[in-house]
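**Q** Input file: final20.cif. Contents: mmCIF, C-alpha atoms.
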```cif
data_query
#
loop_
_atom_site.label_atom_id
_atom_site.label_comp_id
_atom_site.auth_asym_id
_atom_site.auth_seq_id
_atom_site.Cartn_x
_atom_site.Cartn_y
_atom_site.Cartn_z
CA MET Z 1 75.37 81.75 114.70
CA TRP Z 2 72.04 83.27 113.66
CA SER Z 3 72.20 85.72 116.56
CA MET Z 4 75.68 86.78 115.54
CA LEU Z 5 74.39 87.33 112.03
CA ALA Z 6 71.49 89.37 113.36
CA ASP Z 7 73.98 91.65 115.12
CA ASN Z 8 75.82 92.26 111.88
CA ILE Z 9 72.79 92.54 109.66
CA ASN Z 10 74.35 95.38 107.67
CA TYR Z 11 77.25 93.16 106.65
CA ALA Z 12 74.91 90.30 105.70
CA VAL Z 13 72.78 92.51 103.45
CA ALA Z 14 75.94 93.90 101.83
CA MET Z 15 77.05 90.35 100.99
CA ILE Z 16 73.61 89.45 99.63
CA LEU Z 17 73.61 92.53 97.40
CA PHE Z 18 77.08 91.63 96.16
CA CYS Z 19 75.88 88.18 95.18
CA ILE Z 20 72.81 89.62 93.43
CA GLY Z 21 75.02 91.93 91.38
CA PHE Z 22 77.46 89.16 90.59
CA TYR Z 23 74.66 86.88 89.40
CA THR Z 24 73.37 89.60 87.11
CA VAL Z 25 76.78 90.17 85.55
CA ILE Z 26 77.23 86.47 84.80
CA ILE Z 27 73.76 85.43 83.66
CA ARG Z 28 72.19 88.33 81.77
CA SER Z 29 73.35 88.66 78.21
CA ASN Z 30 72.37 92.30 77.70
CA LEU Z 31 75.24 94.72 78.17
CA ILE Z 32 73.13 97.35 79.94
CA LYS Z 33 72.01 94.77 82.49
CA LYS Z 34 75.62 93.86 83.10
CA ILE Z 35 76.45 97.48 83.81
CA ILE Z 36 73.55 97.71 86.25
CA GLY Z 37 74.83 94.60 88.03
CA LEU Z 38 78.31 96.09 88.28
CA MET Z 39 76.88 99.25 89.84
CA ILE Z 40 75.05 97.20 92.48
CA MET Z 41 78.22 95.29 93.29
CA GLN Z 42 80.16 98.52 93.76
CA VAL Z 43 77.54 100.10 96.01
CA SER Z 44 77.36 96.98 98.17
CA VAL Z 45 81.11 97.10 98.81
CA PHE Z 46 80.86 100.77 99.79
CA PHE Z 47 78.03 99.91 102.17
CA PHE Z 48 80.08 97.20 103.82
CA LEU Z 49 83.15 99.36 104.31
CA VAL Z 50 81.32 102.30 105.86
CA SER Z 51 79.28 100.17 108.23
CA VAL Z 52 82.49 98.65 109.60
CA GLY Z 53 83.35 102.10 110.88
CA TYR Z 54 80.03 102.69 112.62
CA LEU Z 55 79.91 103.37 116.36
CA ASP Z 56 76.86 102.83 118.54
CA GLU Z 57 75.51 106.15 119.86
CA GLY Z 58 77.94 107.98 117.62
CA VAL Z 59 77.32 111.27 115.84
CA ALA Z 60 78.39 112.48 112.41
CA PRO Z 61 82.10 113.41 112.23
CA ILE Z 62 81.64 117.17 112.20
CA VAL Z 63 83.12 119.29 114.95
CA ILE Z 64 80.66 121.97 116.03
CA PRO Z 65 82.11 124.66 118.28
CA GLY Z 66 80.28 124.78 121.56
CA ALA Z 67 78.64 121.36 121.40
CA ALA Z 68 79.00 118.76 124.13
CA PRO Z 69 81.74 116.26 123.31
CA SER Z 70 80.26 112.97 122.15
CA PRO Z 71 81.87 110.02 120.39
CA MET Z 72 82.02 110.37 116.62
CA VAL Z 73 81.97 107.64 114.03
CA ASN Z 74 85.07 106.76 112.06
CA PRO Z 75 85.73 109.39 109.35
CA LEU Z 76 88.40 107.42 107.51
CA PRO Z 77 86.26 104.93 105.53
CA GLN Z 78 83.89 107.76 104.63
CA ALA Z 79 86.70 109.70 103.00
CA MET Z 80 87.88 106.68 101.05
CA ILE Z 81 84.39 105.80 99.86
CA LEU Z 82 83.86 109.37 98.68
CA THR Z 83 86.77 108.90 96.29
CA ALA Z 84 85.44 105.47 95.34
CA ILE Z 85 82.02 106.89 94.40
CA VAL Z 86 83.70 109.23 91.92
CA ILE Z 87 85.64 106.31 90.44
CA ALA Z 88 82.44 104.23 90.16
CA VAL Z 89 80.70 107.02 88.22
CA SER Z 90 83.61 107.41 85.83
CA THR Z 91 83.97 103.68 85.11
CA THR Z 92 80.22 103.41 84.53
CA ALA Z 93 80.33 106.29 82.06
CA LEU Z 94 83.25 104.69 80.20
CA PHE Z 95 81.50 101.32 80.07
CA LEU Z 96 78.32 102.96 78.73
CA SER Z 97 80.21 104.64 75.91
CA LEU Z 98 81.77 101.29 75.00
CA ALA Z 99 78.30 99.71 74.93
CA LEU Z 100 77.11 102.50 72.61
CA LYS Z 101 79.99 101.87 70.22
CA PHE Z 102 79.25 98.14 70.35
CA TYR Z 103 75.65 98.84 69.34
CA GLU Z 104 76.74 100.99 66.42
CA HIS Z 105 79.03 98.25 65.21
CA HIS Z 106 76.87 95.16 65.68
CA GLY Z 107 73.32 96.49 65.63
CA THR Z 108 72.36 94.92 68.95
CA VAL Z 109 73.45 95.09 72.57
CA ASP Z 110 72.64 91.45 73.25
CA MET Z 111 75.67 89.21 73.53
CA ASP Z 112 73.78 85.99 72.78
CA ARG Z 113 72.60 87.26 69.44
CA VAL Z 114 76.09 88.39 68.50
CA LYS Z 115 77.49 84.98 69.40
CA GLU Z 116 74.87 83.25 67.25
CA GLU Z 117 75.57 85.44 64.26
CA LYS Z 118 79.25 84.75 64.46
CA ARG Z 119 78.72 81.04 63.87
CA MET L 1 62.54 102.09 116.71
CA LEU L 2 65.71 102.92 114.82
CA GLN L 3 66.50 99.23 114.52
CA THR L 4 63.15 98.63 112.85
CA LEU L 5 63.74 101.52 110.45
CA ASN L 6 67.14 100.09 109.60
CA VAL L 7 65.69 96.65 108.85
CA VAL L 8 62.91 98.17 106.70
CA LEU L 9 65.45 100.15 104.67
CA LEU L 10 67.62 97.09 104.14
CA VAL L 11 64.66 95.03 102.94
CA LEU L 12 63.76 97.85 100.53
CA LEU L 13 67.34 97.77 99.26
CA ILE L 14 67.18 94.07 98.45
CA VAL L 15 63.76 94.33 96.80
CA THR L 16 64.83 97.25 94.61
CA ALA L 17 68.08 95.54 93.60
CA LEU L 18 66.23 92.36 92.66
CA THR L 19 63.72 94.28 90.55
CA ALA L 20 66.52 96.17 88.80
CA CYS L 21 68.25 92.93 87.89
CA LEU L 22 65.28 90.81 86.86
CA HIS L 23 62.92 93.08 84.93
CA ARG L 24 62.92 92.85 81.16
CA ASN L 25 62.17 96.46 80.31
CA LEU L 26 65.47 98.35 80.52
CA LEU L 27 63.94 101.70 81.39
CA VAL L 28 62.20 100.18 84.42
CA ALA L 29 65.48 98.61 85.48
CA VAL L 30 67.29 101.94 85.33
CA LEU L 31 64.54 103.66 87.28
CA MET L 32 64.86 100.97 89.91
CA LEU L 33 68.58 101.70 90.04
CA SER L 34 67.77 105.34 90.74
CA VAL L 35 65.37 104.34 93.55
CA PHE L 36 68.08 102.03 94.87
CA SER L 37 70.44 104.96 95.13
CA LEU L 38 67.82 107.07 96.93
CA VAL L 39 67.22 104.35 99.53
CA MET L 40 70.97 103.98 99.83
CA GLY L 41 71.13 107.71 100.61
CA LEU L 42 68.79 107.14 103.54
CA VAL L 43 70.98 104.25 104.71
CA TRP L 44 74.02 106.51 104.62
CA VAL L 45 72.20 109.00 106.86
CA MET L 46 71.41 106.15 109.26
CA LEU L 47 75.14 105.34 109.33
CA ARG L 48 75.94 108.98 110.21
CA ALA L 49 77.60 109.85 106.90
CA PRO L 50 75.94 113.00 105.46
CA ASP L 51 78.70 113.66 102.92
CA LEU L 52 78.21 110.23 101.42
CA ALA L 53 74.44 110.66 101.29
CA LEU L 54 74.78 113.86 99.26
CA ALA L 55 77.42 112.35 96.98
CA GLU L 56 75.48 109.14 96.38
CA VAL L 57 72.13 110.77 95.62
CA VAL L 58 73.61 113.32 93.25
CA ALA L 59 76.23 111.14 91.56
CA VAL L 60 74.47 107.81 91.22
CA GLY L 61 70.85 108.89 91.43
CA VAL L 62 70.94 111.77 88.97
CA VAL L 63 74.09 111.76 86.85
CA THR L 64 74.50 108.03 86.22
CA THR L 65 70.76 107.65 85.63
CA VAL L 66 70.83 110.36 82.95
CA PHE L 67 73.76 108.60 81.26
CA PHE L 68 71.89 105.30 81.33
CA VAL L 69 68.70 106.82 79.92
CA VAL L 70 70.57 108.51 77.07
CA THR L 71 72.33 105.24 76.21
CA ILE L 72 69.07 103.27 76.31
CA PHE L 73 67.47 105.92 74.11
CA ARG L 74 70.14 105.32 71.52
CA THR L 75 70.26 101.54 71.69
CA GLN L 76 67.29 99.36 72.53
CA ARG L 77 64.56 99.40 75.12
CA ARG L 78 63.76 95.82 75.86
CA GLU L 79 66.06 93.04 76.78
CA GLY L 80 66.32 90.05 74.48
CA MET S 1 72.51 74.40 82.41
CA LYS S 2 74.49 77.59 82.72
CA LYS S 3 71.90 78.99 85.08
CA ALA S 4 72.03 75.96 87.39
CA VAL S 5 75.82 75.93 87.61
CA THR S 6 75.90 79.67 88.26
CA LEU S 7 73.23 79.40 90.93
CA ILE S 8 75.19 76.71 92.75
CA PHE S 9 78.38 78.78 92.54
CA ILE S 10 76.67 81.94 93.77
CA GLY S 11 74.99 80.00 96.56
CA GLY S 12 78.32 78.62 97.73
CA LEU S 13 79.88 82.07 97.55
CA ALA S 14 77.01 83.62 99.52
CA ALA S 15 77.24 80.92 102.19
CA ALA S 16 80.98 81.43 102.58
CA LEU S 17 80.64 85.21 102.75
CA LEU S 18 77.78 85.11 105.24
CA TYR S 19 79.67 82.69 107.44
CA THR S 20 82.73 84.95 107.43
CA VAL S 21 80.70 88.05 108.10
CA ALA S 22 78.97 86.44 111.09
CA LEU S 23 82.33 85.89 112.71
CA LEU S 24 83.38 89.55 112.57
CA PRO S 25 83.21 91.59 115.77
CA PRO S 26 79.73 93.05 116.38
CA MET S 27 78.97 96.23 114.53
CA GLY S 28 79.28 99.47 116.43
CA ASP S 29 81.23 98.13 119.35
CA ALA S 30 83.52 100.68 120.95
CA ASP S 31 86.51 98.38 121.27
CA ASN S 32 86.58 97.23 117.70
CA PRO S 33 90.11 97.25 116.33
CA THR S 34 89.02 99.70 113.64
CA ASN S 35 88.16 102.39 116.16
CA ARG S 36 91.26 102.20 118.24
CA HIS S 37 94.32 102.88 116.16
CA ILE S 38 94.60 106.14 114.31
CA VAL S 39 91.03 107.40 114.64
CA PRO S 40 91.36 108.95 118.15
CA ARG S 41 94.07 111.21 116.74
CA TYR S 42 91.76 112.35 113.96
CA HIS S 43 89.02 113.07 116.47
CA GLU S 44 91.19 115.02 118.87
CA ARG S 45 93.60 116.92 116.68
CA GLY S 46 91.89 116.87 113.30
CA GLU S 47 90.28 120.25 113.57
CA GLU S 48 93.35 122.19 114.59
CA GLU S 49 95.74 120.38 112.28
CA ALA S 50 93.58 120.66 109.20
CA GLY S 51 91.70 123.86 109.86
CA THR S 52 88.27 122.48 108.98
CA GLY S 53 85.29 121.50 111.10
CA ASN S 54 84.27 118.66 108.80
CA LEU S 55 86.58 115.76 109.64
CA VAL S 56 85.88 113.96 106.38
CA ALA S 57 87.03 117.05 104.45
CA ALA S 58 90.09 117.18 106.72
CA VAL S 59 90.97 113.61 105.80
CA ILE S 60 90.34 114.19 102.10
CA LEU S 61 92.16 117.47 101.67
CA ASN S 62 94.84 117.37 104.30
CA TYR S 63 95.73 113.94 105.61
CA ARG S 64 95.10 112.19 102.27
CA GLY S 65 95.58 115.04 99.81
CA TYR S 66 97.45 112.91 97.30
CA ASP S 67 94.50 110.53 97.00
CA THR S 68 92.24 113.39 95.99
CA MET S 69 94.75 114.57 93.41
CA VAL S 70 94.87 111.13 91.85
CA GLU S 71 91.09 110.80 91.94
CA VAL S 72 90.78 114.02 89.97
CA THR S 73 93.25 112.60 87.46
CA ILE S 74 91.18 109.42 87.16
CA PHE S 75 88.10 111.43 86.34
CA SER S 76 89.96 113.26 83.59
CA ALA S 77 91.32 109.97 82.30
CA ALA S 78 87.80 108.56 82.07
CA LEU S 79 86.77 111.59 80.01
CA ALA S 80 89.79 111.09 77.77
CA GLY S 81 88.77 107.45 77.28
CA ILE S 82 85.21 108.44 76.39
CA PHE S 83 86.44 110.96 73.85
CA ALA S 84 88.75 108.34 72.38
CA VAL S 85 85.86 105.91 71.94
CA LEU S 86 83.08 108.23 70.85
CA GLY S 87 84.91 111.10 69.19
CA THR S 88 84.89 114.81 69.89
CA VAL S 89 83.49 117.64 67.85
CA ARG S 90 85.93 120.14 66.54
CA LYS S 91 84.52 122.74 64.25
CA ARG S 92 80.85 122.60 63.57
CA ILE S 93 78.02 122.12 65.98
CA ASN S 94 76.78 118.57 65.83
CA ARG S 95 73.25 117.43 65.40
CA SER S 96 71.76 115.04 67.81
CA TYR S 97 69.01 112.48 67.64
CA ILE S 98 66.90 114.42 70.08
CA ASP S 99 66.98 117.61 68.03
CA ARG S 100 65.91 115.83 64.88
CA ALA S 101 63.10 113.87 66.47
CA GLY S 102 59.60 115.18 65.99
CA VAL S 103 59.08 116.01 69.63
CA ARG S 104 58.11 119.58 70.33
CA PHE S 105 59.46 121.61 73.21
CA SER S 106 57.49 120.56 76.28
CA PHE S 107 56.20 123.36 78.46
CA ILE S 108 56.12 121.32 81.63
CA SER S 109 59.75 120.26 81.62
CA GLY S 110 60.90 123.63 80.30
CA THR S 111 59.13 125.61 83.00
CA THR S 112 60.22 123.21 85.73
CA VAL S 113 63.84 123.54 84.68
CA LEU S 114 63.50 127.31 84.47
CA LEU S 115 62.18 127.53 88.01
CA LEU S 116 64.63 125.03 89.47
CA MET S 117 67.90 126.23 87.95
CA PRO S 118 68.49 129.28 90.22
CA LEU S 119 67.85 127.10 93.27
CA ILE S 120 70.23 124.44 92.00
CA ILE S 121 72.98 126.97 91.39
CA VAL S 122 72.55 128.58 94.81
CA PHE S 123 72.45 125.18 96.50
CA SER S 124 75.59 123.92 94.84
CA ALA S 125 77.51 127.13 95.50
CA TYR S 126 76.45 126.91 99.16
CA THR S 127 77.54 123.29 99.35
CA ILE S 128 80.95 124.03 97.88
CA LEU S 129 81.59 127.11 100.02
CA TYR S 130 80.57 125.53 103.31
CA GLY S 131 82.27 122.25 102.54
CA THR S 132 84.83 122.68 105.25
CA ASP S 133 82.47 123.25 108.14
CA LEU S 134 79.21 121.53 107.17
CA PRO S 135 78.50 118.35 105.23
CA GLY S 136 79.27 118.85 101.59
CA GLY S 137 82.40 119.70 99.73
CA GLY S 138 83.76 120.11 96.27
CA PHE S 139 82.53 116.93 94.66
CA GLN S 140 78.94 117.14 95.90
CA GLY S 141 78.44 120.75 94.82
CA GLY S 142 80.16 120.17 91.50
CA ALA S 143 78.04 117.15 90.69
CA ALA S 144 74.92 119.12 91.59
CA ILE S 145 75.81 121.95 89.21
CA GLY S 146 76.70 119.39 86.55
CA ALA S 147 73.32 117.74 87.00
CA GLY S 148 71.62 121.12 86.68
CA VAL S 149 73.38 121.93 83.42
CA MET S 150 72.58 118.43 82.15
CA ILE S 151 68.85 118.63 82.79
CA SER S 152 68.60 122.09 81.30
CA SER S 153 70.40 120.97 78.16
CA VAL S 154 68.07 117.98 77.87
CA ALA S 155 64.98 120.18 78.35
CA TYR S 156 65.95 123.08 76.09
CA GLY S 157 67.79 121.32 73.31
CA PHE S 158 71.26 120.02 72.78
CA HIS S 159 71.86 122.47 69.95
CA ARG S 160 71.38 125.52 72.13
CA ALA S 161 73.41 124.10 75.00
CA GLN S 162 76.33 123.27 72.80
CA ARG S 163 76.41 126.75 71.36
CA ARG S 164 76.81 128.19 74.86
CA LEU S 165 79.29 125.64 76.14
CA SER S 166 81.40 124.96 73.12
CA HIS S 167 84.29 122.55 73.02
CA HIS S 168 86.98 125.18 73.51
CA VAL S 169 85.36 126.63 76.61
CA ARG S 170 84.93 123.19 78.10
CA ILE S 171 88.52 122.20 77.49
CA ILE S 172 89.80 125.23 79.40
CA LEU S 173 87.44 124.67 82.32
CA GLU S 174 88.19 120.97 82.59
CA SER S 175 91.69 121.56 83.78
CA THR S 176 90.76 123.75 86.73
CA ALA S 177 91.13 121.13 89.45
CA ILE S 178 94.51 119.82 88.50
CA SER S 179 95.77 123.39 87.99
CA ALA S 180 94.39 124.34 91.40
CA PHE S 181 96.17 121.39 92.98
CA PHE S 182 99.37 122.32 91.21
CA VAL S 183 99.20 125.99 92.23
CA VAL S 184 98.30 125.26 95.84
CA GLY S 185 100.95 122.61 96.19
CA THR S 186 103.69 124.67 94.64
CA VAL S 187 103.01 127.65 96.90
CA GLY S 188 104.09 125.45 99.77
CA VAL S 189 107.21 124.31 97.95
CA ILE S 190 108.22 127.88 97.12
CA GLY S 191 107.80 128.91 100.74
CA GLY S 192 110.03 126.15 102.03
CA ALA S 193 107.63 123.44 103.23
CA ALA S 194 106.72 120.20 101.48
CA PHE S 195 104.33 119.80 98.51
CA LEU S 196 100.64 120.20 99.32
CA THR S 197 101.06 121.42 102.86
CA TYR S 198 98.91 124.46 103.14
CA MET S 199 101.36 126.82 104.72
CA LEU S 200 104.17 129.25 104.14
CA PRO S 201 106.46 129.04 107.17
CA ALA S 202 107.50 132.68 106.77
CA LEU S 203 104.13 134.13 107.81
CA THR S 204 102.67 134.74 111.27
CA PRO S 205 100.26 132.08 112.58
CA GLY S 206 97.25 134.36 112.20
CA SER S 207 97.74 134.94 108.50
CA GLN S 208 98.79 131.31 108.08
CA SER S 209 95.33 130.12 109.01
CA VAL S 210 93.78 132.69 106.66
CA LEU S 211 96.03 131.47 103.85
CA ARG S 212 95.06 127.88 104.60
CA THR S 213 91.37 128.67 104.42
CA VAL S 214 91.84 130.47 101.10
CA MET S 215 93.80 127.56 99.67
CA LEU S 216 91.17 125.05 100.76
CA LEU S 217 88.46 127.17 99.14
CA VAL S 218 90.41 127.37 95.88
CA LEU S 219 90.79 123.61 95.88
CA GLN S 220 87.11 122.98 96.59
CA PHE S 221 86.02 125.31 93.81
CA GLY S 222 88.47 123.76 91.40
CA ILE S 223 87.20 120.25 92.11
CA GLY S 224 83.58 121.40 91.89
CA ILE S 225 83.89 123.16 88.54
CA LYS S 226 85.87 120.27 87.10
CA VAL S 227 83.35 117.64 88.10
CA GLY S 228 80.46 119.67 86.71
CA ILE S 229 82.14 120.30 83.38
CA ILE S 230 83.24 116.69 82.98
CA CYS S 231 79.71 115.40 83.61
CA THR S 232 78.39 117.83 80.99
CA SER S 233 81.07 116.81 78.50
CA ILE S 234 80.25 113.14 78.97
CA LEU S 235 76.58 113.85 78.32
CA PHE S 236 77.35 115.80 75.15
CA ALA S 237 79.62 113.03 73.93
CA LEU S 238 76.95 110.39 74.56
CA MET S 239 74.23 112.39 72.83
CA MET S 240 76.24 113.36 69.80
CA GLU S 241 75.94 111.35 66.66
CA GLU S 242 77.98 111.11 63.52
CA ASP S 243 77.58 114.05 61.23
CA THR S 244 75.87 112.72 58.12
CA SER S 245 76.58 115.20 55.41
CA ASP S 246 73.76 117.56 54.61
CA VAL S 247 71.01 116.97 57.08
CA GLU S 248 69.10 120.20 57.60
CA HIS S 249 67.57 120.84 60.97
CA ALA S 250 63.85 120.39 60.32
CA SER S 251 62.11 122.80 62.64
#
```
Just give me the structure as structure tokens.

**A**
Amino acid sequence: MWSMLADNINYAVAMILFCIGFYTVIIRSNLIKKIIGLMIMQVSVFFFLVSVGYLDEGVAPIVIPGAAPSPMVNPLPQAMILTAIVIAVSTTALFLSLALKFYEHHGTVDMDRVKEEKR
Amino acid sequence: MLQTLNVVLLVLLIVTALTACLHRNLLVAVLMLSVFSLVMGLVWVMLRAPDLALAEVVAVGVVTTVFFVVTIFRTQRREG
Amino acid sequence: MKKAVTLIFIGGLAAALLYTVALLPPMGDADNPTNRHIVPRYHERGEEEAGTGNLVAAVILNYRGYDTMVEVTIFSAALAGIFAVLGTVRKRINRSYIDRAGVRFSFISGTTVLLLMPLIIVFSAYTILYGTDLPGGGFQGGAAIGAGVMISSVAYGFHRAQRRLSHHVRIILESTAISAFFVVGTVGVIGGAAFLTYMLPALTPGSQSVLRTVMLLVLQFGIGIKVGIICTSILFALMMEEDTSDVEHAS
């Protein structure tokens, strides 16, 4: 099984990054840290999806007139992940503005301190 | 040769992500996020996706980092 | 306590994910099921059907044009959400924290921005224009120009930047992409084909390909300008603060 994992090392690193991001979102009480963890989770999923479409000895999916025909990698996940990058940026911006409003209302961005003060 | 480069880039990815998640100073964490996106750009080039490399470096490495820095400037700089 | 339970849960999740991932077919193999179904058609007939050399742009603009239209809408919706949370500025120019801080204009960042801005503008225009034949496209060039405007407004002062790019100008420019999509799509409907097919069946094939190239360029520019303006608007909204009544700009 370890040799099969060494073949798919891209997938394994994508899963490890996902778990790192997930841990950060759960454990850290600071809102900015949670947003950073969410960003790492999103990028790890993009990494996984594009490396599924990789082809050994493949070239970038751009047709150049007059070049020798060679196998190209899969262009479909790349197009989908391009849209997904835009969506990741917009949700991060929205989350950051919510964190700013939270700070103006409560005086701190730390969730633990807010929970203590509520008691 | 390319396999070794791939493994080195992946190890750099994990190290940068761990530093971004564990450091207490928020500005350092956001800078590590920007470095993470730059290394990710190199990984996209290794996976033969130049469009994604451009989009990732410009969108996550510059624009999202500026948003983070402005928000940290207006809230607080250290965690906890 | 919470940390230990979370660590055990994450460890179990990581083990399950790694086990599943090890059982997938090896990466890069030529007979993977992902490379066999619809992808050979994109490789063989993508260039002539879509009229671009960049196959990713062909998939985005032609085969999956609706997805791009909805993505542009999502970006606008995020901006609407940010304005709803943070508030817009209507009449007067707002002060910002950075303008009232005691930090003088820094020569290093100002000169660097001054020297880099022409290159950034040329680079992003090049990326947008050649997006159909080389790597690049509307989003990449637009985000680059947005980043350029953002760093110059941070270096030279929010006050000055907001005077040049006031709220009314930004509102008009924000709607370029969805208007471009609407115009380009409706041209096809008027001519007799379906929505968002880049052709008028009444023309000769030579001028049809010219019309398709022009429509793709209009779309790329629309997406690029929109993305740049939205990034700038988000930065202005984040930097703005509530207008406390009579604070004079201490300069």

**Q** Run through the PyMOL selection byres ((chain L) within 12 of (chain S)) on the given coordinates and return the selected residues as a PyMOL selection string.

**A** chain L and resi 45+47-75

**Q** Could I get the residues of chain Z with an atom no further than 9 Å from an atom of chain L, each paired with its nearest atom pair and that distance in Å to one decimal, using only C-alpha atoms, sorted by chain and residue number, as a Markdown table?

**A**
```
| residue | atom | partner | partner_atom | distance |
| --- | --- | --- | --- | --- |
| Z:Ile9 | CA | L:Val7 | CA | 8.2 |
| Z:Asn10 | CA | L:Leu10 | CA | 7.8 |
| Z:Val13 | CA | L:Leu10 | CA | 6.9 |
| Z:Ile16 | CA | L:Ile14 | CA | 8.0 |
| Z:Leu17 | CA | L:Ile14 | CA | 6.7 |
| Z:Ile20 | CA | L:Leu18 | CA | 7.2 |
| Z:Gly21 | CA | L:Cys21 | CA | 7.7 |
| Z:Tyr23 | CA | L:Cys21 | CA | 8.9 |
| Z:Thr24 | CA | L:Cys21 | CA | 6.2 |
| Z:Arg28 | CA | L:Cys21 | CA | 8.6 |
| Z:Ser29 | CA | L:Gly80 | CA | 8.1 |
| Z:Asn30 | CA | L:Glu79 | CA | 6.4 |
| Z:Ile32 | CA | L:Leu26 | CA | 7.7 |
| Z:Lys33 | CA | L:Cys21 | CA | 6.8 |
| Z:Lys34 | CA | L:Cys21 | CA | 8.8 |
| Z:Ile36 | CA | L:Cys21 | CA | 7.3 |
| Z:Gly37 | CA | L:Cys21 | CA | 6.8 |
| Z:Met39 | CA | L:Leu33 | CA | 8.7 |
| Z:Ile40 | CA | L:Ala17 | CA | 7.3 |
| Z:Val43 | CA | L:Met40 | CA | 8.5 |
| Z:Phe47 | CA | L:Trp44 | CA | 8.1 |
| Z:Val50 | CA | L:Leu47 | CA | 7.7 |
| Z:Ser51 | CA | L:Leu47 | CA | 6.7 |
| Z:Gly53 | CA | L:Leu47 | CA | 9.0 |
| Z:Tyr54 | CA | L:Leu47 | CA | 6.5 |
| Z:Leu55 | CA | L:Leu47 | CA | 8.7 |
| Z:Gly58 | CA | L:Arg48 | CA | 7.7 |
| Z:Val59 | CA | L:Arg48 | CA | 6.2 |
| Z:Ala60 | CA | L:Arg48 | CA | 4.8 |
| Z:Pro61 | CA | L:Ala49 | CA | 7.8 |
| Z:Met72 | CA | L:Arg48 | CA | 8.9 |
| Z:Val73 | CA | L:Arg48 | CA | 7.3 |
| Z:Pro75 | CA | L:Ala49 | CA | 8.5 |
| Z:Gln78 | CA | L:Leu52 | CA | 7.0 |
| Z:Ala79 | CA | L:Leu52 | CA | 8.7 |
| Z:Ile81 | CA | L:Leu52 | CA | 7.8 |
| Z:Leu82 | CA | L:Leu52 | CA | 6.3 |
| Z:Ile85 | CA | L:Glu56 | CA | 7.2 |
| Z:Val86 | CA | L:Ala59 | CA | 7.7 |
| Z:Ala88 | CA | L:Val60 | CA | 8.8 |
| Z:Val89 | CA | L:Thr64 | CA | 6.6 |
| Z:Thr92 | CA | L:Thr64 | CA | 7.5 |
| Z:Ala93 | CA | L:Phe67 | CA | 7.0 |
| Z:Leu96 | CA | L:Thr71 | CA | 6.9 |
| Z:Ser97 | CA | L:Thr71 | CA | 7.9 |
| Z:Ala99 | CA | L:Thr71 | CA | 8.2 |
| Z:Leu100 | CA | L:Thr71 | CA | 6.6 |
| Z:Tyr103 | CA | L:Thr75 | CA | 6.5 |
| Z:Glu104 | CA | L:Thr75 | CA | 8.4 |
| Z:Gly107 | CA | L:Thr75 | CA | 8.5 |
| Z:Thr108 | CA | L:Thr75 | CA | 7.5 |
| Z:Val109 | CA | L:Thr75 | CA | 7.2 |
| Z:Asp110 | CA | L:Gly80 | CA | 6.6 |
| Z:Asp112 | CA | L:Gly80 | CA | 8.7 |
| Z:Arg113 | CA | L:Gly80 | CA | 8.5 |
```

**Q** With 7 Å as the cut-off and only C-alpha atoms counted, what is the closest atom pair between each nearby residue of chain S and chain Z? Distances in Å to one decimal, ordered by chain and number, as a Markdown table.

**A**
```
| residue | atom | partner | partner_atom | distance |
| --- | --- | --- | --- | --- |
| S:Lys3 | CA | Z:Ile27 | CA | 6.9 |
| S:Ile10 | CA | Z:Cys19 | CA | 6.4 |
| S:Ala14 | CA | Z:Cys19 | CA | 6.4 |
| S:Leu17 | CA | Z:Met15 | CA | 6.5 |
| S:Leu18 | CA | Z:Ala12 | CA | 5.9 |
| S:Val21 | CA | Z:Tyr11 | CA | 6.3 |
| S:Ala22 | CA | Z:Leu5 | CA | 4.8 |
| S:Pro26 | CA | Z:Asn8 | CA | 6.0 |
| S:Met27 | CA | Z:Asn8 | CA | 5.7 |
| S:Gly28 | CA | Z:Leu55 | CA | 4.0 |
| S:Asp29 | CA | Z:Leu55 | CA | 6.2 |
| S:Ala30 | CA | Z:Leu55 | CA | 6.4 |
| S:Thr34 | CA | Z:Gly53 | CA | 6.7 |
| S:Asn35 | CA | Z:Asn74 | CA | 6.7 |
| S:Val39 | CA | Z:Asn74 | CA | 6.5 |
| S:Gly53 | CA | Z:Val63 | CA | 4.9 |
| S:Asn54 | CA | Z:Ile62 | CA | 4.5 |
| S:Leu55 | CA | Z:Pro61 | CA | 5.7 |
| S:Val56 | CA | Z:Pro75 | CA | 5.5 |
| S:Val59 | CA | Z:Ala79 | CA | 6.4 |
| S:Ile60 | CA | Z:Ala79 | CA | 5.8 |
| S:Glu71 | CA | Z:Thr83 | CA | 6.4 |
| S:Phe75 | CA | Z:Ser90 | CA | 6.0 |
| S:Ala78 | CA | Z:Ser90 | CA | 5.7 |
| S:Gly81 | CA | Z:Leu94 | CA | 6.8 |
| S:Ile82 | CA | Z:Leu94 | CA | 5.7 |
| S:Val85 | CA | Z:Leu98 | CA | 6.9 |
| S:Leu86 | CA | Z:Ser97 | CA | 6.8 |
| S:Leu238 | CA | Z:Ser97 | CA | 6.7 |
```

**Q** Distance atom CA of Ala202 of chain S-atom CA of Val184 of chain S, one decimal place?

**A** 16.1 Å

**Q** Could you state the separation of atom CA of Leu27 of chain L and atom CA of Leu7 of chain S in Å, given to one decimal place?

**A**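 Value for the atom CA of Leu27 of chain L-atom CA of Leu7 of chain S distance: 26.0 Å.
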
**Q** If I take atom CA of Ala67 of chain Z and atom CA of Pro40 of chain S, how far is one from the other in Å, to one decimal?

**A**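 Taking atom CA of Ala67 of chain Z and atom CA of Pro40 of chain S, their separation equals 18.1 Å.
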